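**Student:** The structure file coords_12.csv (CSV, C-alpha atoms and all ligand atoms) is provided below.
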chain,number,residue,atom,x,y,z
V,25,MET,CA,-51.5,31.1,17.5
V,26,ALA,CA,-49.6,29.5,14.7
V,27,THR,CA,-48.6,25.8,14.5
V,28,GLU,CA,-45.0,25.6,13.3
V,29,LYS,CA,-42.8,22.7,12.1
V,30,SER,CA,-39.0,22.5,11.9
V,31,LEU,CA,-36.0,20.4,12.2
V,32,ALA,CA,-34.4,21.1,15.7
V,33,MET,CA,-31.4,20.3,17.8
V,34,ILE,CA,-32.1,20.1,21.5
V,35,LEU,CA,-29.8,22.3,23.5
V,36,ARG,CA,-31.2,22.2,27.0
V,37,VAL,CA,-33.9,20.4,29.0
V,38,VAL,CA,-35.1,21.7,32.3
V,39,ASP,CA,-37.7,20.0,34.5
V,40,PHE,CA,-40.7,22.1,34.9
V,41,SER,CA,-43.1,20.0,36.9
V,42,GLU,CA,-43.4,16.3,37.8
V,43,SER,CA,-44.5,15.5,34.3
V,44,SER,CA,-43.3,18.4,32.1
V,45,CYS,CA,-40.1,20.1,31.1
V,46,VAL,CA,-39.0,23.2,29.2
V,47,VAL,CA,-37.0,22.4,26.1
V,48,THR,CA,-34.6,24.9,24.6
V,49,MET,CA,-33.8,24.0,21.0
V,50,MET,CA,-32.2,25.5,17.9
V,51,THR,CA,-34.7,25.2,15.0
V,52,ARG,CA,-33.6,25.5,11.4
V,53,ASP,CA,-36.5,27.8,10.5
V,54,PHE,CA,-37.3,29.8,13.6
V,55,GLY,CA,-34.0,30.1,15.4
V,56,LYS,CA,-33.8,29.3,19.1
V,57,ILE,CA,-37.0,28.7,20.9
V,58,SER,CA,-38.0,27.5,24.4
V,59,ALA,CA,-41.1,25.4,24.6
V,60,LEU,CA,-43.1,23.6,27.3
V,61,ALA,CA,-43.3,19.8,26.7
V,62,LYS,CA,-46.2,18.6,28.7
V,63,GLY,CA,-46.0,15.0,29.7
V,64,ALA,CA,-42.4,14.7,28.5
V,65,ARG,CA,-41.2,13.2,31.8
V,66,ARG,CA,-43.8,10.5,31.9
V,67,PRO,CA,-42.3,7.1,31.0
V,68,LYS,CA,-44.8,6.6,28.2
V,69,GLY,CA,-45.2,10.3,27.4
V,70,PRO,CA,-46.2,11.8,24.0
V,71,PHE,CA,-42.6,12.4,22.9
V,72,GLU,CA,-41.3,8.9,23.6
V,73,SER,CA,-37.5,9.3,23.9
V,74,ALA,CA,-37.1,12.1,21.4
V,75,ILE,CA,-36.4,14.8,24.0
V,76,ASP,CA,-32.8,14.2,24.8
V,77,LEU,CA,-29.9,16.6,25.0
V,78,LEU,CA,-28.4,17.1,21.5
V,79,ALA,CA,-31.0,14.9,19.7
V,80,LEU,CA,-32.0,16.0,16.3
V,81,CYS,CA,-35.8,16.0,16.0
V,82,ARG,CA,-38.6,17.0,13.8
V,83,VAL,CA,-40.7,19.2,16.0
V,84,VAL,CA,-44.2,20.8,15.9
V,85,PHE,CA,-44.9,23.6,18.3
V,86,ILE,CA,-47.5,26.2,18.9
V,87,HIS,CA,-46.0,29.7,18.8
V,88,LYS,CA,-47.5,31.9,21.5
V,89,PRO,CA,-47.5,35.6,20.5
V,90,SER,CA,-46.9,37.0,24.0
V,91,ASP,CA,-44.1,36.3,26.5
V,92,ALA,CA,-45.7,32.9,27.2
V,93,LEU,CA,-43.6,29.8,26.5
V,94,ASP,CA,-44.3,28.1,23.2
V,95,LEU,CA,-45.9,24.7,23.4
V,96,LEU,CA,-44.2,21.6,22.0
V,97,THR,CA,-46.9,19.3,20.6
V,98,GLU,CA,-44.7,16.8,18.7
V,99,ALA,CA,-41.1,15.7,18.6
V,100,LYS,CA,-40.0,12.9,16.3
V,101,LEU,CA,-36.5,11.6,16.7
V,102,GLU,CA,-34.3,11.9,13.6
V,103,ARG,CA,-30.9,11.1,15.1
V,104,ARG,CA,-29.5,10.7,18.5
V,105,PHE,CA,-26.1,12.0,19.7
V,106,ARG,CA,-24.3,8.7,20.3
V,107,ALA,CA,-20.8,9.8,21.1
V,108,ALA,CA,-21.5,9.5,24.8
V,109,SER,CA,-21.1,5.8,24.8
V,110,ARG,CA,-17.6,5.7,23.3
V,111,ASP,CA,-15.7,8.9,23.9
V,112,LEU,CA,-15.9,11.5,26.6
V,113,THR,CA,-14.1,14.2,24.5
V,114,ARG,CA,-16.7,13.9,21.8
V,115,LEU,CA,-19.5,14.1,24.4
V,116,TYR,CA,-18.0,17.2,26.0
V,117,ALA,CA,-17.5,18.7,22.5
V,118,GLY,CA,-21.2,18.0,21.8
V,119,PHE,CA,-22.2,19.7,25.1
V,120,TYR,CA,-20.0,22.7,24.1
V,121,LEU,CA,-21.7,22.9,20.7
V,122,ALA,CA,-25.1,23.1,22.5
V,123,GLU,CA,-23.7,25.7,24.9
V,124,LEU,CA,-22.3,27.8,22.1
V,125,LEU,CA,-25.6,27.8,20.2
V,126,ASN,CA,-27.5,28.6,23.3
V,127,GLU,CA,-25.3,31.5,24.4
V,128,LEU,CA,-24.5,33.0,21.0
V,129,THR,CA,-28.0,33.2,19.6
V,130,ASP,CA,-31.1,35.1,20.5
V,131,GLU,CA,-34.6,33.6,20.7
V,132,ALA,CA,-36.6,33.7,17.4
V,133,ASP,CA,-33.7,34.9,15.3
V,134,PRO,CA,-33.3,32.3,12.6
V,135,HIS,CA,-30.0,31.5,10.9
V,136,PRO,CA,-30.6,28.4,8.7
V,137,GLU,CA,-26.9,28.3,7.6
V,138,LEU,CA,-25.7,28.4,11.1
V,139,PHE,CA,-28.1,25.5,12.0
V,140,ASP,CA,-26.7,23.5,9.0
V,141,ALA,CA,-23.2,24.2,10.2
V,142,ALA,CA,-24.1,23.0,13.7
V,143,VAL,CA,-25.5,19.8,12.2
V,144,ARG,CA,-22.4,19.4,10.1
V,145,CYS,CA,-20.2,19.7,13.3
V,146,TRP,CA,-22.7,17.4,15.2
V,147,THR,CA,-22.3,14.8,12.6
V,148,ALA,CA,-18.5,14.9,12.7
V,149,LEU,CA,-18.4,14.7,16.5
V,150,ASN,CA,-20.9,11.8,16.4
V,151,GLY,CA,-18.8,10.1,13.8
V,152,GLU,CA,-15.0,10.0,13.3
V,153,GLY,CA,-14.2,13.7,12.6
V,154,ASP,CA,-11.3,15.3,14.4
V,155,VAL,CA,-12.8,16.9,17.5
V,156,GLY,CA,-10.5,20.0,17.8
V,157,THR,CA,-10.7,20.7,14.1
V,158,ASN,CA,-14.5,20.5,13.9
V,159,VAL,CA,-15.0,22.5,17.1
V,160,LEU,CA,-12.8,25.4,15.8
V,161,TRP,CA,-14.5,25.2,12.4
V,162,PHE,CA,-17.9,25.6,14.0
V,163,GLU,CA,-16.7,28.4,16.3
V,164,MET,CA,-15.4,30.5,13.4
V,165,THR,CA,-18.4,29.7,11.2
V,166,ALA,CA,-20.7,30.8,14.1
V,167,LEU,CA,-18.8,34.0,14.6
V,168,ARG,CA,-18.9,34.7,10.9
V,169,HIS,CA,-22.7,34.2,10.6
V,170,LEU,CA,-23.4,36.3,13.7
V,171,GLY,CA,-21.0,39.1,12.7
V,172,HIS,CA,-18.5,38.7,15.6
V,173,LEU,CA,-15.5,37.4,13.6
V,174,PRO,CA,-12.3,39.0,14.9
V,175,LEU,CA,-10.0,40.9,12.5
V,176,TRP,CA,-7.0,38.7,11.8
V,177,ASP,CA,-5.3,40.8,9.0
V,178,VAL,CA,-5.8,44.4,9.7
V,179,CYS,CA,-5.5,46.4,12.9
V,180,ALA,CA,-8.7,46.5,14.9
V,181,GLY,CA,-7.8,50.1,16.0
V,182,CYS,CA,-6.9,51.8,12.7
V,183,GLY,CA,-7.5,49.4,9.9
V,184,GLN,CA,-3.9,49.2,8.6
V,185,SER,CA,-2.3,45.9,7.5
V,186,ILE,CA,-0.3,44.1,10.2
V,187,THR,CA,3.4,43.6,9.5
V,188,LEU,CA,4.9,40.2,10.3
V,189,ALA,CA,6.6,39.7,13.7
V,190,PRO,CA,7.5,36.7,15.8
V,191,ARG,CA,4.5,37.5,17.9
V,192,ILE,CA,1.6,39.7,16.8
V,193,PRO,CA,-0.5,41.5,19.4
V,194,PHE,CA,-4.1,40.4,19.5
V,195,GLY,CA,-6.5,42.6,21.5
V,196,VAL,CA,-9.1,40.5,23.1
V,197,LEU,CA,-11.2,43.6,24.0
V,198,ALA,CA,-10.4,45.3,20.7
V,199,GLY,CA,-11.6,42.2,18.7
V,200,GLY,CA,-8.6,41.7,16.5
V,201,VAL,CA,-4.9,42.1,15.9
V,202,LEU,CA,-3.2,45.5,16.7
V,203,CYS,CA,-0.5,47.6,15.1
V,204,PRO,CA,2.3,48.9,17.4
V,205,GLN,CA,0.6,52.3,17.7
V,206,CYS,CA,-2.8,51.0,18.6
V,207,ARG,CA,-1.4,48.4,21.0
V,208,VAL,CA,-0.3,51.1,23.4
V,209,GLY,CA,-2.5,51.3,26.4
V,210,GLN,CA,-4.7,48.3,25.4
V,211,ARG,CA,-5.6,45.8,28.1
V,212,GLN,CA,-5.9,42.0,27.5
V,213,VAL,CA,-3.5,41.8,24.7
V,214,VAL,CA,-2.1,38.4,23.8
V,215,GLY,CA,1.0,37.8,21.6
V,216,VAL,CA,0.1,35.3,18.9
V,217,ARG,CA,2.4,33.6,16.5
V,218,PRO,CA,1.8,34.3,12.8
V,219,GLU,CA,1.2,30.6,12.1
V,220,ILE,CA,-1.7,30.6,14.6
V,221,LEU,CA,-3.2,33.7,13.0
V,222,GLN,CA,-2.9,32.0,9.6
V,223,LEU,CA,-4.8,28.9,10.9
V,224,LEU,CA,-7.6,31.2,12.3
V,225,ARG,CA,-7.7,33.0,9.0
V,226,THR,CA,-8.0,29.8,7.1
V,227,PHE,CA,-10.8,28.5,9.4
V,228,SER,CA,-12.7,31.9,9.1
V,229,ARG,CA,-12.9,32.0,5.4
V,230,ASP,CA,-16.3,31.9,3.8
V,231,GLU,CA,-16.1,28.9,1.5
V,232,THR,CA,-19.8,28.2,0.8
V,233,ASN,CA,-18.9,25.4,-1.7
V,234,GLU,CA,-16.8,23.6,0.9
V,235,PHE,CA,-19.1,23.1,3.8
V,236,GLU,CA,-16.5,21.5,6.0
V,237,PRO,CA,-13.2,22.3,7.8
V,238,PRO,CA,-10.6,23.5,5.3
V,239,MET,CA,-7.9,21.2,6.9
V,240,THR,CA,-7.0,19.2,9.9
V,241,LEU,CA,-5.5,21.3,12.7
V,242,PRO,CA,-1.8,20.5,13.2
V,243,ALA,CA,-0.8,19.2,16.6
V,244,ASP,CA,1.6,22.1,17.1
V,245,GLY,CA,-0.2,25.2,18.3
V,246,ARG,CA,-3.4,23.7,19.4
V,247,GLY,CA,-2.8,24.9,23.0
V,248,GLU,CA,-2.0,28.5,21.9
V,249,LEU,CA,-5.1,28.5,19.6
V,250,ARG,CA,-7.4,27.2,22.3
V,251,GLY,CA,-6.2,29.7,24.8
V,252,LEU,CA,-6.8,32.6,22.4
V,253,VAL,CA,-10.2,31.4,21.2
V,254,ASN,CA,-11.5,30.6,24.8
V,255,GLN,CA,-10.5,34.1,25.9
V,256,PHE,CA,-12.1,35.7,22.9
V,257,PHE,CA,-15.4,33.9,23.6
V,258,ALA,CA,-15.3,34.7,27.3
V,259,ASN,CA,-14.9,38.4,26.5
V,260,LEU,CA,-17.6,38.3,23.8
V,261,LEU,CA,-20.2,36.7,26.2
V,262,GLY,CA,-19.0,38.4,29.4
V,263,ARG,CA,-18.2,35.1,31.1
V,264,ARG,CA,-16.2,31.9,30.6
V,265,LEU,CA,-18.2,29.2,28.8
V,266,ARG,CA,-19.0,26.3,31.2
V,267,MET,CA,-17.6,23.6,28.8
V,268,HIS,CA,-14.2,25.3,28.2
V,269,GLN,CA,-12.9,23.7,31.4
V,270,TYR,CA,-13.6,20.2,30.0
V,271,LEU,CA,-12.1,20.9,26.6
V,272,GLY,CA,-8.5,21.1,27.8
V,273,VAL,CA,-7.9,17.9,25.9
V,274,LEU,CA,-8.4,19.9,22.6
V,275,ALA,CA,-5.3,21.8,23.4
V,276,SER,CA,-3.0,18.8,23.0
T,301,ZN,ZN,-3.6,50.4,14.5
So, in terms of structure tokens, how does the structure I just supplied come out?
Ligand SMILES: [Zn+2]
**Tutor:**
Amino acid sequence: MATEKSLAMILRVVDFSESSCVVTMMTRDFGKISALAKGARRPKGPFESAIDLLALCRVVFIHKPSDALDLLTEAKLERRFRAASRDLTRLYAGFYLAELLNELTDEADPHPELFDAAVRCWTALNGEGDVGTNVLWFEMTALRHLGHLPLWDVCAGCGQSITLAPRIPFGVLAGGVLCPQCRVGQRQVVGVRPEILQLLRTFSRDETNEFEPPMTLPADGRGELRGLVNQFFANLLGRRLRMHQYLGVLAS
């Protein structure tokens, strides 16, 4: 059994017994892990107040080789998510960040750059960053790192370039825009304005030197954008994300 150390973001805390809980966290070096935190629910437990939803911690855990839960042995608080005390939208966006990380990633599949992007988004939400802009930036960055980015330029059916039209068909099931031929017979097709596709393209770019959103989202089009992105994630994951219903405010 190896003892491992990493920086981690806490995604989920579930009570396990009167004194213990199971903590799901995204670690920078080992990907998502679930670990038993013995004594974490006691007032003067070994983790003090480090185990808190969205907290950034330095953790030490014992990795169990079998299907058994890993065992959390230390958690030292680095930074707490403080948006809750001042802004409900920021709090919900933080919950959504945790939900996305939890739903999109597999256990023990590390993506250090995705972790860094999550911390970047976390910091913006915890500070003064525009919520809608930073959420979209993280969504597109996550899709890019995990290989799920939709095709915004070429037809998802045949690969040919898409010609401009007032509304361009986007196939939610097909995973990208569609040419007139490939659009025929497709279900779940949304007509998207070219300006919206341009925004999504801009936010999907891999700009490793600019580790932040490329621009602030304009007010016009946020609703259309949110509808499309929510639908795409619901299809990708096979169900609607729980926090989407609380993020309606990002559409305005
Ligand atoms: Zn086509």
**Student:** With only C-alpha atoms as the counted atoms, please give the residues lying no more than 8 Å from Arg104 in chain V, apart from itself and same-chain residues fewer than 6 positions off, as number ranges by chain.
**Tutor:** V: 76, 78-80
**Student:** Would you mind exporting the chosen residues as a PDB file, in the coordinates of the input, restricted to C-alpha atoms?
**Tutor:**
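What follows is the written file again_3.pdb:
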ATOM      1  CA  ASP V  76     -32.800  14.200  24.800  1.00  0.00           C
ATOM      2  CA  LEU V  78     -28.400  17.100  21.500  1.00  0.00           C
ATOM      3  CA  ALA V  79     -31.000  14.900  19.700  1.00  0.00           C
ATOM      4  CA  LEU V  80     -32.000  16.000  16.300  1.00  0.00           C
TER       5      LEU V  80
END
**Student:** How many Å lie between CA of Tyr116 in chain V and CA of Val159 in chain V, rounded to one decimal?
**Tutor:** 10.8 Å
**Student:** Using Å and a single decimal, report how far CA of Cys145 in chain V sits from CA of Met239 in chain V.
**Tutor:** 13.9 Å
**Student:** Please identify all protein, DNA and RNA residues within 10 Å of ligand ZN 301 (chain T), counting only C-alpha atoms and all ligand atoms, and report them as a PyMOL selection string.
**Tutor:** chain V and resi 178-186+201-208
**Student:** Which residues of range 73-167 of chain V come within 8 Å of range 252-265 of chain V, and what is each one's closest atom pair and distance in Å (one decimal), counting only C-alpha atoms, sorted by chain and residue number, as a Markdown table?
**Tutor:**
| residue | atom | partner | partner_atom | distance |
| --- | --- | --- | --- | --- |
| V:Glu123 | CA | V:Leu265 | CA | 7.6 |
| V:Leu124 | CA | V:Leu265 | CA | 8.0 |
| V:Glu127 | CA | V:Leu261 | CA | 7.5 |
| V:Leu128 | CA | V:Leu261 | CA | 7.7 |
**Student:** Find the residues around Lys56 in chain V up to 6 Å (all atoms listed in the file counted), leave out those fewer than 4 positions away in its own chain, and share them as a compact mmCIF listing (two decimals) with C-alpha atoms, in the frame of the given file.
**Tutor:**
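This went into selection_12.txt:
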# COMPACT_ATOMS: atom_id res chain seq x y z
CA MET V 49 -33.80 24.00 21.00
CA MET V 50 -32.20 25.50 17.90
CA THR V 51 -34.70 25.20 15.00
CA GLU V 131 -34.60 33.60 20.70
CA ALA V 132 -36.60 33.70 17.40
**Student:** Counting only C-alpha atoms, which residue out of V:Met25, V:Gly215, V:Gly251, V:Leu173 sits closest to Pro89 in chain V?
**Tutor:** V:Met25
**Student:** Can range 77-101 of chain V be brought up to N, CA, C and O atoms and written out as a short mmCIF file (atom, residue, chain, number, x, y, z; two decimals), in the frame of the given file?
**Tutor:**
data_model
loop_
_atom_site.label_atom_id
_atom_site.label_comp_id
_atom_site.auth_asym_id
_atom_site.auth_seq_id
_atom_site.Cartn_x
_atom_site.Cartn_y
_atom_site.Cartn_z
N LEU V 77 -30.87 15.60 25.29
CA LEU V 77 -29.90 16.60 25.00
C LEU V 77 -29.16 16.24 23.66
O LEU V 77 -28.73 15.10 23.49
N LEU V 78 -29.07 17.18 22.75
CA LEU V 78 -28.40 17.10 21.50
C LEU V 78 -29.09 16.19 20.42
O LEU V 78 -28.55 15.97 19.34
N ALA V 79 -30.27 15.69 20.75
CA ALA V 79 -31.00 14.90 19.70
C ALA V 79 -31.44 15.83 18.61
O ALA V 79 -31.75 17.00 18.82
N LEU V 80 -31.44 15.30 17.40
CA LEU V 80 -32.00 16.00 16.30
C LEU V 80 -33.42 15.49 16.05
O LEU V 80 -33.63 14.28 15.92
N CYS V 81 -34.38 16.40 16.06
CA CYS V 81 -35.80 16.00 16.00
C CYS V 81 -36.54 16.82 14.97
O CYS V 81 -36.16 17.95 14.68
N ARG V 82 -37.63 16.25 14.50
CA ARG V 82 -38.60 17.00 13.80
C ARG V 82 -39.65 17.46 14.80
O ARG V 82 -40.27 16.61 15.44
N VAL V 83 -39.81 18.76 14.98
CA VAL V 83 -40.70 19.20 16.00
C VAL V 83 -41.91 20.00 15.44
O VAL V 83 -41.81 20.58 14.37
N VAL V 84 -43.00 19.94 16.17
CA VAL V 84 -44.20 20.80 15.90
C VAL V 84 -44.47 21.53 17.16
O VAL V 84 -44.49 20.93 18.24
N PHE V 85 -44.62 22.83 17.06
CA PHE V 85 -44.90 23.60 18.30
C PHE V 85 -45.90 24.71 17.96
O PHE V 85 -46.05 25.15 16.82
N ILE V 86 -46.56 25.14 19.03
CA ILE V 86 -47.50 26.20 18.90
C ILE V 86 -46.83 27.49 19.39
O ILE V 86 -46.39 27.55 20.55
N HIS V 87 -46.70 28.45 18.49
CA HIS V 87 -46.00 29.70 18.80
C HIS V 87 -46.98 30.63 19.55
O HIS V 87 -48.02 30.99 19.01
N LYS V 88 -46.62 31.02 20.77
CA LYS V 88 -47.50 31.90 21.50
C LYS V 88 -47.00 33.37 21.24
O LYS V 88 -45.81 33.66 21.29
N PRO V 89 -47.93 34.23 20.94
CA PRO V 89 -47.50 35.60 20.50
C PRO V 89 -46.96 36.43 21.70
O PRO V 89 -46.13 37.29 21.49
N SER V 90 -47.36 36.16 22.90
CA SER V 90 -46.90 37.00 24.00
C SER V 90 -45.59 36.44 24.57
O SER V 90 -44.86 35.75 23.90
N ASP V 91 -45.28 36.77 25.81
CA ASP V 91 -44.10 36.30 26.50
C ASP V 91 -44.21 34.82 26.91
O ASP V 91 -43.26 34.23 27.40
N ALA V 92 -45.42 34.27 26.75
CA ALA V 92 -45.70 32.90 27.20
C ALA V 92 -44.77 31.92 26.46
O ALA V 92 -44.37 32.17 25.33
N LEU V 93 -44.45 30.82 27.12
CA LEU V 93 -43.60 29.80 26.50
C LEU V 93 -44.40 29.18 25.30
O LEU V 93 -45.61 29.00 25.36
N ASP V 94 -43.67 28.87 24.24
CA ASP V 94 -44.30 28.10 23.20
C ASP V 94 -44.62 26.71 23.70
O ASP V 94 -44.09 26.28 24.72
N LEU V 95 -45.51 26.04 23.00
CA LEU V 95 -45.90 24.70 23.40
C LEU V 95 -45.49 23.67 22.42
O LEU V 95 -45.86 23.75 21.25
N LEU V 96 -44.69 22.71 22.89
CA LEU V 96 -44.20 21.60 22.00
C LEU V 96 -45.33 20.60 21.91
O LEU V 96 -45.80 20.09 22.92
N THR V 97 -45.78 20.30 20.70
CA THR V 97 -46.90 19.30 20.60
C THR V 97 -46.36 17.99 19.99
O THR V 97 -46.95 16.95 20.25
N GLU V 98 -45.29 18.03 19.19
CA GLU V 98 -44.70 16.80 18.70
C GLU V 98 -43.22 16.88 18.59
O GLU V 98 -42.68 17.96 18.32
N ALA V 99 -42.55 15.77 18.82
CA ALA V 99 -41.10 15.70 18.60
C ALA V 99 -40.81 14.28 18.12
O ALA V 99 -41.05 13.31 18.84
N LYS V 100 -40.33 14.21 16.89
CA LYS V 100 -40.00 12.90 16.30
C LYS V 100 -38.51 12.80 16.16
O LYS V 100 -37.91 13.63 15.48
N LEU V 101 -37.93 11.78 16.77
CA LEU V 101 -36.50 11.60 16.70
C LEU V 101 -35.97 11.35 15.34
O LEU V 101 -36.44 10.43 14.68
#
